[in-house]
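Novice: One file is attached below, my_file_1.cif, containing mmCIF, C-alpha atoms.
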```
data_work
loop_
_atom_site.label_atom_id
_atom_site.label_comp_id
_atom_site.auth_asym_id
_atom_site.auth_seq_id
_atom_site.Cartn_x
_atom_site.Cartn_y
_atom_site.Cartn_z
CA MET A 1 87.52 68.21 114.73
CA THR A 2 90.92 67.68 116.34
CA ASP A 3 91.43 69.81 119.43
CA LEU A 4 93.69 72.77 118.65
CA ARG A 5 95.35 72.48 122.07
CA TYR A 6 97.06 69.25 121.00
CA ILE A 7 98.21 70.31 117.52
CA GLN A 8 101.97 70.73 117.14
CA ALA A 9 103.21 74.01 115.72
CA ARG A 10 104.37 72.48 112.43
CA TYR A 11 100.87 71.12 111.77
CA LEU A 12 98.94 74.35 112.31
CA ASP A 13 98.71 75.13 108.59
CA LYS A 14 97.28 71.68 107.92
CA PHE A 15 94.82 72.14 110.79
CA ILE A 16 93.61 75.40 109.23
CA GLU A 17 93.28 73.77 105.80
CA ASP A 18 91.49 70.67 107.09
CA TYR A 19 89.11 72.28 109.57
CA LEU A 20 88.86 76.07 109.26
CA LEU A 21 88.96 77.07 105.58
CA PRO A 22 85.50 77.04 103.96
CA ASP A 23 85.32 74.48 101.17
CA THR A 24 84.12 75.30 97.66
CA CYS A 25 80.67 73.81 98.17
CA PHE A 26 80.15 75.79 101.36
CA ARG A 27 81.20 79.05 99.71
CA LYS A 28 78.82 78.45 96.81
CA GLN A 29 75.96 77.77 99.21
CA VAL A 30 76.48 80.98 101.14
CA LYS A 31 76.95 82.94 97.91
CA LEU A 32 73.64 81.61 96.59
CA ALA A 33 71.83 82.48 99.82
CA ILE A 34 73.25 86.00 99.73
CA LYS A 35 72.11 86.46 96.11
CA ILE A 36 68.58 85.37 97.03
CA MET A 37 68.47 87.85 99.88
CA GLY A 38 70.12 90.66 97.91
CA ASP A 39 67.59 90.32 95.07
CA PHE A 40 64.75 90.30 97.57
CA LEU A 41 65.93 93.47 99.28
CA LYS A 42 66.54 95.37 96.04
CA GLU A 43 63.56 94.20 93.98
CA ARG A 44 60.72 93.15 96.24
CA CYS A 45 61.01 94.39 99.76
CA PHE A 46 60.14 98.09 99.49
CA ARG A 47 58.13 98.29 96.26
CA ASP A 48 54.74 98.58 98.01
CA THR A 49 55.65 101.11 100.71
CA HIS A 50 53.56 104.28 101.13
CA HIS A 51 56.60 106.50 100.52
CA PRO A 52 59.21 105.73 97.86
CA VAL A 53 62.19 103.82 99.23
CA ARG A 54 65.25 103.30 97.06
CA VAL A 55 67.88 100.75 97.96
CA SER A 56 71.12 102.45 96.92
CA LYS A 57 73.20 99.34 97.56
CA VAL A 58 73.35 96.11 99.52
CA VAL A 59 76.79 95.32 100.95
CA LYS A 60 77.94 91.96 102.27
CA GLY A 61 79.65 92.53 105.60
CA GLY A 62 80.89 90.39 108.46
CA SER A 63 83.36 87.55 107.99
CA SER A 64 81.87 86.56 104.62
CA GLY A 65 82.43 90.05 103.27
CA LYS A 66 85.97 90.27 104.65
CA GLY A 67 87.02 86.85 103.40
CA THR A 68 87.71 85.46 106.89
CA ALA A 69 84.72 83.13 107.35
CA LEU A 70 85.22 79.87 109.23
CA ARG A 71 84.03 76.57 107.83
CA GLY A 72 80.60 75.64 109.11
CA ARG A 73 79.75 79.16 110.26
CA SER A 74 76.92 79.70 107.78
CA ASP A 75 76.09 83.29 108.60
CA ALA A 76 76.06 86.50 106.60
CA ASP A 77 75.64 90.20 107.36
CA LEU A 78 73.86 92.31 104.76
CA VAL A 79 73.88 96.07 105.16
CA VAL A 80 71.08 97.66 103.16
CA PHE A 81 71.50 101.37 102.43
CA LEU A 82 68.13 103.12 102.15
CA SER A 83 67.36 106.49 100.55
CA PRO A 84 65.05 107.79 103.35
CA LEU A 85 67.94 107.56 105.84
CA LYS A 86 69.67 110.88 105.20
CA SER A 87 71.75 111.20 108.36
CA PHE A 88 73.24 109.14 111.16
CA GLN A 89 70.43 110.37 113.40
CA ASP A 90 67.84 109.15 110.89
CA GLN A 91 69.42 105.72 111.04
CA LEU A 92 69.08 105.72 114.81
CA ASN A 93 65.57 107.13 114.93
CA ILE A 94 63.69 105.39 112.12
CA ARG A 95 65.56 102.20 111.33
CA ARG A 96 62.98 100.24 113.32
CA GLU A 97 60.23 100.89 110.81
CA TYR A 98 62.39 99.56 107.99
CA ILE A 99 63.35 96.51 110.00
CA GLU A 100 59.65 95.88 110.54
CA GLU A 101 58.95 96.31 106.82
CA ILE A 102 61.67 93.80 105.95
CA ARG A 103 60.21 91.39 108.49
CA LYS A 104 56.72 91.87 107.07
CA GLN A 105 57.85 91.24 103.50
CA LEU A 106 59.88 88.17 104.49
CA GLN A 107 56.84 86.67 106.15
CA ALA A 108 54.69 87.53 103.10
CA CYS A 109 57.17 85.76 100.82
CA GLN A 110 57.04 82.75 103.06
CA ARG A 111 53.23 82.61 102.88
CA GLU A 112 53.02 83.32 99.16
CA LYS A 113 55.91 81.00 98.25
CA ILE A 114 57.25 83.61 95.86
CA PHE A 115 60.70 82.22 96.49
CA ASP A 116 61.43 78.55 97.01
CA VAL A 117 62.61 79.33 100.50
CA GLU A 118 61.41 79.35 104.06
CA PHE A 119 62.11 82.18 106.48
CA GLU A 120 62.34 81.61 110.18
CA VAL A 121 62.26 85.15 111.56
CA HIS A 122 63.63 85.58 115.06
CA SER A 123 61.79 87.70 117.61
CA GLN A 124 63.20 91.11 118.46
CA LYS A 125 64.75 91.67 121.88
CA TRP A 126 65.09 95.46 121.82
CA ASP A 127 62.72 98.40 121.45
CA ASN A 128 65.01 99.98 118.86
CA PRO A 129 66.83 97.06 117.21
CA ARG A 130 69.84 97.61 114.94
CA VAL A 131 69.40 94.36 113.06
CA LEU A 132 66.86 91.82 111.83
CA SER A 133 68.09 88.26 112.34
CA PHE A 134 66.58 85.23 110.63
CA VAL A 135 67.43 81.90 109.01
CA LEU A 136 67.01 81.28 105.29
CA TYR A 137 66.11 77.75 104.20
CA SER A 138 65.96 76.39 100.67
CA PRO A 139 66.06 72.98 98.95
CA GLN A 140 69.10 74.36 97.13
CA LEU A 141 70.95 74.81 100.44
CA HIS A 142 72.33 71.95 102.50
CA GLU A 143 71.56 73.84 105.70
CA GLY A 144 69.98 77.06 106.86
CA VAL A 145 72.00 80.24 106.48
CA GLU A 146 71.76 82.76 109.30
CA PHE A 147 71.33 86.37 108.22
CA ASP A 148 71.67 89.70 109.95
CA VAL A 149 70.16 92.50 107.88
CA LEU A 150 71.01 96.04 108.99
CA PRO A 151 69.43 99.20 107.52
CA ALA A 152 71.97 102.01 107.23
CA PHE A 153 72.51 105.60 106.12
CA ASP A 154 74.63 105.76 102.95
CA ALA A 155 77.29 108.07 104.38
CA LEU A 156 79.97 107.15 101.83
CA GLY A 157 77.84 107.41 98.70
CA GLN A 158 79.72 106.32 95.58
CA TRP A 159 83.02 105.66 97.31
CA THR A 160 85.89 104.49 95.10
CA GLU A 161 88.00 101.71 96.60
CA GLY A 162 91.59 102.78 97.13
CA CYS A 163 90.70 106.41 97.88
CA ARG A 164 90.19 108.11 101.20
CA PRO A 165 86.63 109.29 101.96
CA ASP A 166 85.92 113.00 102.21
CA PRO A 167 87.08 114.00 105.73
CA GLN A 168 83.82 115.94 106.20
CA ILE A 169 82.00 112.59 106.38
CA TYR A 170 83.99 111.83 109.52
CA VAL A 171 83.52 115.34 110.88
CA LYS A 172 79.76 114.85 110.57
CA LEU A 173 80.00 111.37 112.12
CA ILE A 174 81.96 112.68 115.11
CA GLN A 175 79.58 115.60 115.64
CA GLU A 176 76.48 113.40 115.58
CA CYS A 177 78.04 110.68 117.75
CA ILE A 178 78.97 113.26 120.38
CA TYR A 179 75.53 114.89 120.22
CA LEU A 180 73.68 111.56 120.41
CA GLN A 181 76.22 110.00 122.82
CA LYS A 182 76.40 107.01 120.49
CA GLU A 183 80.06 106.46 119.67
CA GLY A 184 80.56 103.38 117.52
CA GLU A 185 76.83 103.12 116.81
CA PHE A 186 77.15 103.75 113.08
CA SER A 187 79.97 101.43 112.06
CA THR A 188 77.59 99.71 109.62
CA CYS A 189 77.71 102.86 107.47
CA PHE A 190 81.38 102.09 106.83
CA THR A 191 81.05 98.38 106.04
CA GLU A 192 82.65 98.90 102.62
CA LEU A 193 85.76 100.32 104.28
CA GLN A 194 85.95 97.46 106.78
CA ARG A 195 85.77 95.02 103.88
CA ALA A 196 88.39 96.87 101.86
CA PHE A 197 90.72 96.97 104.88
CA LEU A 198 90.76 93.18 105.28
CA ARG A 199 89.66 91.46 102.09
CA PRO A 200 92.75 92.09 99.89
CA ARG A 201 95.15 90.89 102.59
CA ALA A 202 97.61 88.04 102.08
CA THR A 203 95.91 84.65 102.01
CA LYS A 204 98.03 83.31 104.85
CA LEU A 205 97.26 86.33 107.04
CA LYS A 206 93.55 85.62 106.60
CA SER A 207 94.26 82.01 107.56
CA LEU A 208 95.96 83.27 110.73
CA ILE A 209 92.89 85.42 111.42
CA ARG A 210 90.74 82.29 111.09
CA LEU A 211 92.98 80.47 113.56
CA VAL A 212 92.73 83.32 116.07
CA LYS A 213 88.94 83.41 115.63
CA HIS A 214 88.76 79.66 116.24
CA TRP A 215 90.85 80.09 119.39
CA TYR A 216 88.56 82.93 120.46
CA GLN A 217 85.50 80.71 119.97
CA MET A 218 87.11 77.98 122.09
CA CYS A 219 87.71 80.56 124.84
CA LYS A 220 84.14 81.80 124.52
CA ASP A 221 82.77 78.27 124.84
CA LYS A 222 84.85 77.74 127.96
CA LEU A 223 84.62 81.14 129.64
CA GLY A 224 81.27 82.47 128.45
CA LYS A 225 80.68 86.19 128.60
CA PRO A 226 82.00 88.82 128.93
CA LEU A 227 84.79 88.71 126.37
CA PRO A 228 86.20 91.41 124.09
CA GLN A 229 84.77 91.87 120.61
CA LYS A 230 85.92 89.28 118.07
CA TYR A 231 86.65 92.12 115.65
CA ALA A 232 89.24 93.43 118.12
CA LEU A 233 91.12 90.12 117.82
CA GLU A 234 91.01 90.34 114.02
CA LEU A 235 92.56 93.80 114.14
CA LEU A 236 95.20 92.67 116.64
CA THR A 237 96.15 89.92 114.19
CA VAL A 238 96.48 92.42 111.34
CA TYR A 239 98.58 94.70 113.53
CA ALA A 240 100.88 91.85 114.62
CA TRP A 241 101.48 90.88 110.98
CA GLU A 242 102.06 94.43 109.78
CA GLU A 243 104.56 95.28 112.48
CA GLY A 244 106.26 91.91 112.85
CA CYS A 245 106.20 90.23 109.47
CA MET A 246 104.64 91.76 106.32
CA GLU A 247 105.50 88.57 104.40
CA THR A 248 103.08 86.46 102.41
CA GLU A 249 104.69 83.33 103.88
CA PHE A 250 105.49 83.00 107.57
CA ILE A 251 105.50 80.55 110.47
CA THR A 252 101.89 80.43 111.61
CA ALA A 253 102.73 79.48 115.19
CA GLN A 254 104.88 82.60 115.59
CA GLY A 255 102.07 84.83 114.39
CA PHE A 256 99.60 83.05 116.66
CA GLN A 257 101.90 83.47 119.68
CA THR A 258 102.43 87.17 118.87
CA VAL A 259 98.67 87.77 118.93
CA LEU A 260 98.30 85.98 122.27
CA GLU A 261 101.13 88.07 123.72
CA LEU A 262 99.31 91.21 122.60
CA VAL A 263 96.19 89.94 124.34
CA MET A 264 98.22 89.37 127.51
CA ASN A 265 99.38 92.99 127.34
CA TYR A 266 95.87 94.39 126.86
CA LYS A 267 96.38 97.06 129.54
CA GLN A 268 98.93 98.75 127.31
CA LEU A 269 97.28 98.46 123.89
CA CYS A 270 96.56 101.60 121.91
CA ILE A 271 96.29 100.84 118.20
CA TYR A 272 94.91 102.79 115.27
CA TRP A 273 95.39 103.17 111.52
CA THR A 274 95.35 106.18 109.22
CA LYS A 275 94.16 104.57 106.00
CA TYR A 276 90.74 106.27 105.90
CA TYR A 277 91.09 109.12 108.42
CA ASP A 278 94.04 110.96 109.93
CA PHE A 279 95.12 114.08 111.83
CA GLY A 280 94.98 116.45 108.88
CA THR A 281 91.51 117.86 109.63
CA PRO A 282 91.33 119.86 112.90
CA ASP A 283 88.01 118.39 114.14
CA ILE A 284 89.16 114.86 113.46
CA ARG A 285 92.60 115.52 114.98
CA GLU A 286 91.15 116.78 118.26
CA TYR A 287 88.73 113.88 118.45
CA LEU A 288 91.44 111.29 117.76
CA LYS A 289 93.63 112.76 120.49
CA LYS A 290 90.77 112.28 122.95
CA GLN A 291 90.20 108.74 121.75
CA LEU A 292 93.86 107.84 122.17
CA ARG A 293 93.91 109.20 125.73
CA LYS A 294 91.15 106.83 126.83
CA PRO A 295 91.89 103.99 129.27
CA ARG A 296 93.59 101.01 127.64
CA PRO A 297 92.98 98.95 125.67
CA VAL A 298 92.22 101.25 122.74
CA ILE A 299 91.80 99.64 119.32
CA LEU A 300 90.13 102.01 116.88
CA ASP A 301 88.10 100.62 114.01
CA PRO A 302 90.17 101.58 110.93
CA ALA A 303 86.91 102.51 109.17
CA ASP A 304 85.26 104.40 112.06
CA PRO A 305 87.23 106.58 114.49
CA THR A 306 84.32 106.62 116.95
CA GLY A 307 84.46 102.85 117.31
CA ASN A 308 86.89 101.73 120.00
CA VAL A 309 86.42 97.99 119.56
CA GLY A 310 88.91 97.26 122.33
CA GLY A 311 87.26 99.37 125.01
CA GLY A 312 84.47 99.05 127.52
CA ASP A 313 85.18 95.56 128.84
CA PRO A 314 88.34 95.28 130.99
CA GLU A 315 87.03 92.19 132.77
CA GLY A 316 86.60 90.37 129.47
CA TRP A 317 90.16 91.24 128.47
CA ARG A 318 91.47 90.07 131.83
CA ARG A 319 89.81 86.68 131.43
CA LEU A 320 90.98 86.31 127.85
CA ALA A 321 94.54 87.31 128.82
CA GLN A 322 94.63 84.63 131.51
CA GLU A 323 93.56 82.05 128.96
CA ALA A 324 96.19 83.28 126.49
CA ALA A 325 98.93 82.90 129.12
CA ALA A 326 97.84 79.32 129.79
CA TRP A 327 97.86 78.48 126.08
CA LEU A 328 101.50 79.44 125.58
CA SER A 329 102.54 76.16 127.21
CA TYR A 330 100.58 74.05 124.68
CA PRO A 331 102.17 72.03 121.84
CA CYS A 332 101.02 74.48 119.17
CA PHE A 333 103.74 76.85 120.39
CA LYS A 334 106.53 74.25 120.53
CA LYS A 335 108.98 73.14 117.87
CA TRP A 336 109.47 69.45 117.15
CA ASP A 337 112.25 69.32 119.76
CA GLY A 338 110.12 70.96 122.44
CA SER A 339 111.73 74.39 122.26
CA PRO A 340 109.47 77.46 121.96
CA VAL A 341 108.64 78.77 118.49
CA GLY A 342 108.97 82.34 119.70
CA SER A 343 107.07 85.30 118.32
CA TRP A 344 107.54 88.19 115.95
CA ASN A 345 109.66 91.10 117.03
CA ILE A 346 107.27 94.05 116.91
CA LEU A 347 109.43 97.05 116.12
CA PRO A 348 108.82 100.78 116.74
CA GLN A 349 106.81 102.68 114.16
CA ARG A 350 108.85 103.55 111.04
CA ASP A 351 109.06 107.34 110.70
CA ASP A 352 108.84 107.70 106.95
CA GLU A 353 107.32 110.96 105.77
CA ASP A 354 107.15 109.81 102.15
CA SER A 355 105.59 106.43 102.84
CA GLU A 356 102.87 105.44 100.37
CA THR A 357 101.34 103.05 102.88
CA TYR A 358 99.07 103.81 105.75
CA ALA A 359 100.70 103.53 109.14
CA PRO A 360 99.43 101.50 112.10
CA ARG A 361 100.55 102.75 115.49
CA MET A 362 100.65 101.17 118.88
CA TYR A 363 101.43 103.47 121.77
CA LEU A 364 101.85 101.96 125.19
CA ASN A 365 101.66 104.67 127.83
CA ASP A 366 103.92 106.91 125.71
CA ALA A 367 106.28 104.05 124.88
CA TYR A 368 106.43 101.61 122.00
CA PHE A 369 105.65 97.96 122.58
CA ARG A 370 108.10 95.28 121.53
CA THR A 371 107.64 91.54 121.77
CA SER A 372 110.03 88.64 121.23
CA GLN A 373 109.99 85.64 123.53
CA GLY A 374 107.94 87.81 125.83
CA PRO A 375 106.83 91.42 126.10
CA ASP A 376 109.13 94.22 127.04
CA ILE A 377 108.95 97.98 126.82
CA SER A 378 111.25 99.84 124.48
CA PRO A 379 112.91 102.90 126.02
CA GLN A 380 112.09 105.04 123.01
CA VAL A 381 109.46 107.57 124.07
CA VAL A 382 106.95 109.36 121.86
CA SER A 383 105.11 112.42 123.04
CA SER A 384 102.09 112.32 120.76
CA PRO A 385 100.83 110.75 117.52
CA ARG A 386 102.47 112.15 114.41
CA GLU A 387 100.13 114.73 112.88
CA GLU A 388 101.89 115.61 109.63
CA GLU A 389 100.38 112.79 107.60
CA ASN A 390 97.55 114.03 105.40
CA TRP A 391 97.05 111.93 102.30
CA SER A 392 94.11 112.58 100.01
CA CYS A 393 94.15 109.09 98.56
CA THR A 394 95.96 105.95 99.64
CA ILE A 395 96.41 103.04 97.27
CA PHE A 396 95.98 99.82 99.20
#
```
Rewrite the coordinates I just gave you, this time as structure tokens.
Specialist:
Amino acid sequence: MTDLRYIQARYLDKFIEDYLLPDTCFRKQVKLAIKIMGDFLKERCFRDTHHPVRVSKVVKGGSSGKGTALRGRSDADLVVFLSPLKSFQDQLNIRREYIEEIRKQLQACQREKIFDVEFEVHSQKWDNPRVLSFVLYSPQLHEGVEFDVLPAFDALGQWTEGCRPDPQIYVKLIQECIYLQKEGEFSTCFTELQRAFLRPRATKLKSLIRLVKHWYQMCKDKLGKPLPQKYALELLTVYAWEEGCMETEFITAQGFQTVLELVMNYKQLCIYWTKYYDFGTPDIREYLKKQLRKPRPVILDPADPTGNVGGGDPEGWRRLAQEAAAWLSYPCFKKWDGSPVGSWNILPQRDDEDSETYAPRMYLNDAYFRTSQGPDISPQVVSSPREEENWSCTIF
């Protein structure tokens, strides 16, 4: 693969197409592997357990589920929602036994050759693991596909895409997270929302997300740990596009530079969305206010208000910001004549009471953030997040 550092700005789209977009064969392979595993989990895995276990649904998560997978990254997250898990606390307390049952049945299938596959089950590192990781092999697959299978409580039930979940689901989530001191622990319960937030996005935005993820992987290979969560970079990319572009066609280099400038300004980031939760319910409102007062950066998972995917690792952000600053001098941010491509102008939040769209916000120490050739702080001051918005259903 050609090194991204030496790609000129005008060739970034071709770079993404040639090296980052999964090809048709690859997509088919991963889809087949996911079907094999989904059928196993629903039909075989729990049929011989002492107590009845019903699989209410199996949801494809991660980059494959969101439509932002990179070529050659043959991995898949499967969230399996189980009937005995009736609360967030149940998920925390008894998920281990279901992970062990899945492991046991995978190994039995391998011995009995019920499927024409081989399972290489990884050892567990934690006393109370969240996930079972393994590699699925098959003569039908060109290479092994890595799986993470995560048992989860079906908090959403029969959620209809395009509608906002019952706010009481989030009230319960917040109460249990505070009681258990496990904020962000149960994001898997909201995998369907995470998928719905990203999957329908413009094709070129998802290509930009792939480019940012590739850049992130290059930084990770160079810097090692700690680094911020990759999901935080995906959300930064969505925010940059929403506030600076909102077009299906755009100059990729400008979007890329905007994201790196946001990374450089990590100490000021405070971003959240109100697609699935908002300030209309008192318990949620008070919790969100506390979340937004936390030390920067704050990037709330749009599906889970307890998940601050930008927090907890200032050293990782510092290292990534230094790398971002160095990258801005590379050819991928230069026009053919050597002049800078510039970045999107991120404007203040539109104050539209009748808006049918959900509204991302970014508050920087009570001021809005604006970026053009470089970051600057707008003089417009906001005292607190707008609380009037209270939609029952948002069409995305």
Novice: Pick the closest to Ser343 (chain A) from A:Gly244, A:Gly72, A:Pro228, A:Pro84: which is it, counting only C-alpha atoms?
Specialist: A:Gly244
Novice: Compile the contact shell of region 37-45 of chain A as JSON, numbers by chain: residues with an atom at most 7 Å away, counting all atoms listed in the file, same-chain residues fewer than 2 positions apart removed.
Specialist: {"A": [33, 34, 35, 47, 55, 58, 102, 105]}
Novice: Please provide as a ChimeraX atom specification all residues within 12 Å of Cys25 (chain A), with the sequence filter that same-chain residues fewer than 3 positions apart are discarded (counting only C-alpha atoms).
Specialist: /A:21-22,28-32,71-72,74,140-143
Novice: Skipping near chain neighbours, those fewer than 2 positions away, what residues fall within 9 Å of region 216-224 of chain A using all atoms listed in the file, listed as an mmCIF file with C-alpha atoms, keeping the file's coordinate frame?
Specialist:
```cif
data_model
loop_
_atom_site.group_PDB
_atom_site.id
_atom_site.type_symbol
_atom_site.label_atom_id
_atom_site.label_comp_id
_atom_site.auth_asym_id
_atom_site.auth_seq_id
_atom_site.Cartn_x
_atom_site.Cartn_y
_atom_site.Cartn_z
ATOM 1 C CA LEU A 211 92.980 80.470 113.560
ATOM 2 C CA VAL A 212 92.730 83.320 116.070
ATOM 3 C CA LYS A 213 88.940 83.410 115.630
ATOM 4 C CA HIS A 214 88.760 79.660 116.240
ATOM 5 C CA PRO A 226 82.000 88.820 128.930
ATOM 6 C CA LEU A 227 84.790 88.710 126.370
ATOM 7 C CA LYS A 230 85.920 89.280 118.070
ATOM 8 C CA LEU A 233 91.120 90.120 117.820
ATOM 9 C CA ARG A 319 89.810 86.680 131.430
ATOM 10 C CA LEU A 320 90.980 86.310 127.850
ATOM 11 C CA GLU A 323 93.560 82.050 128.960
#
```
Novice: CA of Pro52 (chain A) and CA of Ser83 (chain A), how far apart in Å?
Specialist: 8.6 Å
Novice: Could you tell me which of A:Ser187, A:Ile169, A:Trp344, A:Trp336 comes closest to Tyr239 (chain A) if we count only C-alpha atoms?
Specialist: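 Comparing A:Ser187, A:Ile169, A:Trp344, A:Trp336 against Tyr239 (chain A), the winner is A:Trp344.
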Novice: Grab the CA of Gly316 (chain A) to CA of Thr258 (chain A) distance for me, in Å with one decimal place.
Specialist: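 Computing it gives 19.3 Å between the two atoms.
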Novice: What is the distance between CA of Asn308 (chain A) and CA of Leu288 (chain A), in Å to one decimal?
Specialist: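 Computing the Euclidean distance for CA of Asn308 (chain A) and CA of Leu288 (chain A) yields 10.8 Å.
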Novice: Check the smallest atom-to-atom distance from each of A:Lys104, A:Arg73, A:Lys113, A:Lys60 to Gln194 (chain A) using all atoms listed in the file, then report the winner.
Specialist: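 Under the stated criterion, the closest residue is A:Lys60.
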Novice: Which residue out of A:Arg130, A:Arg285, A:Arg296, A:Lys66 has the minimum interatomic distance to Trp317 (chain A) when only C-alpha atoms are used?
Specialist: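 Ranked by minimum distance to Trp317 (chain A), first place goes to A:Arg296.
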Novice: Considering only C-alpha atoms, can you say which of A:Leu106, A:Leu300, A:Leu4, A:Ala76 comes closest to Trp327 (chain A)?
Specialist: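 Checking each candidate against Trp327 (chain A), we get A:Leu4 as the closest.
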Novice: Run through the PyMOL selection byres ((chain A and resi 299) around 10) on the given coordinates and return the selected residues as a ChimeraX atom specification.
Specialist: /A:231-233,235-236,269-273,291-292,296-298,300-302,305,307-311,362
Novice: When the PyMOL selection byres ((chain A and resi 256) around 10) is applied to the structure above, which residues does it catch, written out as a compact mmCIF listing (two decimals) with C-alpha atoms, keeping the file's coordinate frame?
Specialist:
```
# COMPACT_ATOMS: atom_id res chain seq x y z
CA ALA A 9 103.21 74.01 115.72
CA LEU A 12 98.94 74.35 112.31
CA LEU A 208 95.96 83.27 110.73
CA ILE A 209 92.89 85.42 111.42
CA LEU A 211 92.98 80.47 113.56
CA VAL A 212 92.73 83.32 116.07
CA TRP A 215 90.85 80.09 119.39
CA THR A 237 96.15 89.92 114.19
CA ALA A 240 100.88 91.85 114.62
CA TRP A 241 101.48 90.88 110.98
CA ILE A 251 105.50 80.55 110.47
CA THR A 252 101.89 80.43 111.61
CA ALA A 253 102.73 79.48 115.19
CA GLN A 254 104.88 82.60 115.59
CA GLY A 255 102.07 84.83 114.39
CA GLN A 257 101.90 83.47 119.68
CA THR A 258 102.43 87.17 118.87
CA VAL A 259 98.67 87.77 118.93
CA LEU A 260 98.30 85.98 122.27
CA GLU A 261 101.13 88.07 123.72
CA LEU A 328 101.50 79.44 125.58
CA CYS A 332 101.02 74.48 119.17
CA PHE A 333 103.74 76.85 120.39
CA GLY A 342 108.97 82.34 119.70
CA SER A 343 107.07 85.30 118.32
CA TRP A 344 107.54 88.19 115.95
```
Novice: Which residue, A:Tyr137, A:Phe147, A:Trp159, A:Phe15, has the smallest gap to Arg210 (chain A) when you use only C-alpha atoms?
Specialist: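 Once distances to Arg210 (chain A) are computed over only C-alpha atoms, the minimum belongs to A:Phe15.
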Novice: Applied to the shown file, which residues does the PyMOL selection byres ((chain A and resi 61) around 12) return, written as a PyMOL selection string?
Specialist: chain A and resi 34+58-60+62-69+75-80+147-150+187-199
Novice: If we count all atoms listed in the file and set the cut-off at 7 Å, which residues sit around Ile99 (chain A), ignoring sequence neighbours fewer than 4 positions away in its own chain? Please answer as number ranges by chain.
Specialist: A: 95, 103, 132
Novice: Assuming 3 Å of padding per side, give the centre and edge lengths of the axis-aligned box around every listed atom of region 131-142 of chain A, in Å to one decimal and as AutoDock Vina command-line options.
Specialist:
```
--center_x 69.1 --center_y 83.2 --center_z 105.1 --size_x 12.4 --size_y 28.4 --size_z 21.9
```
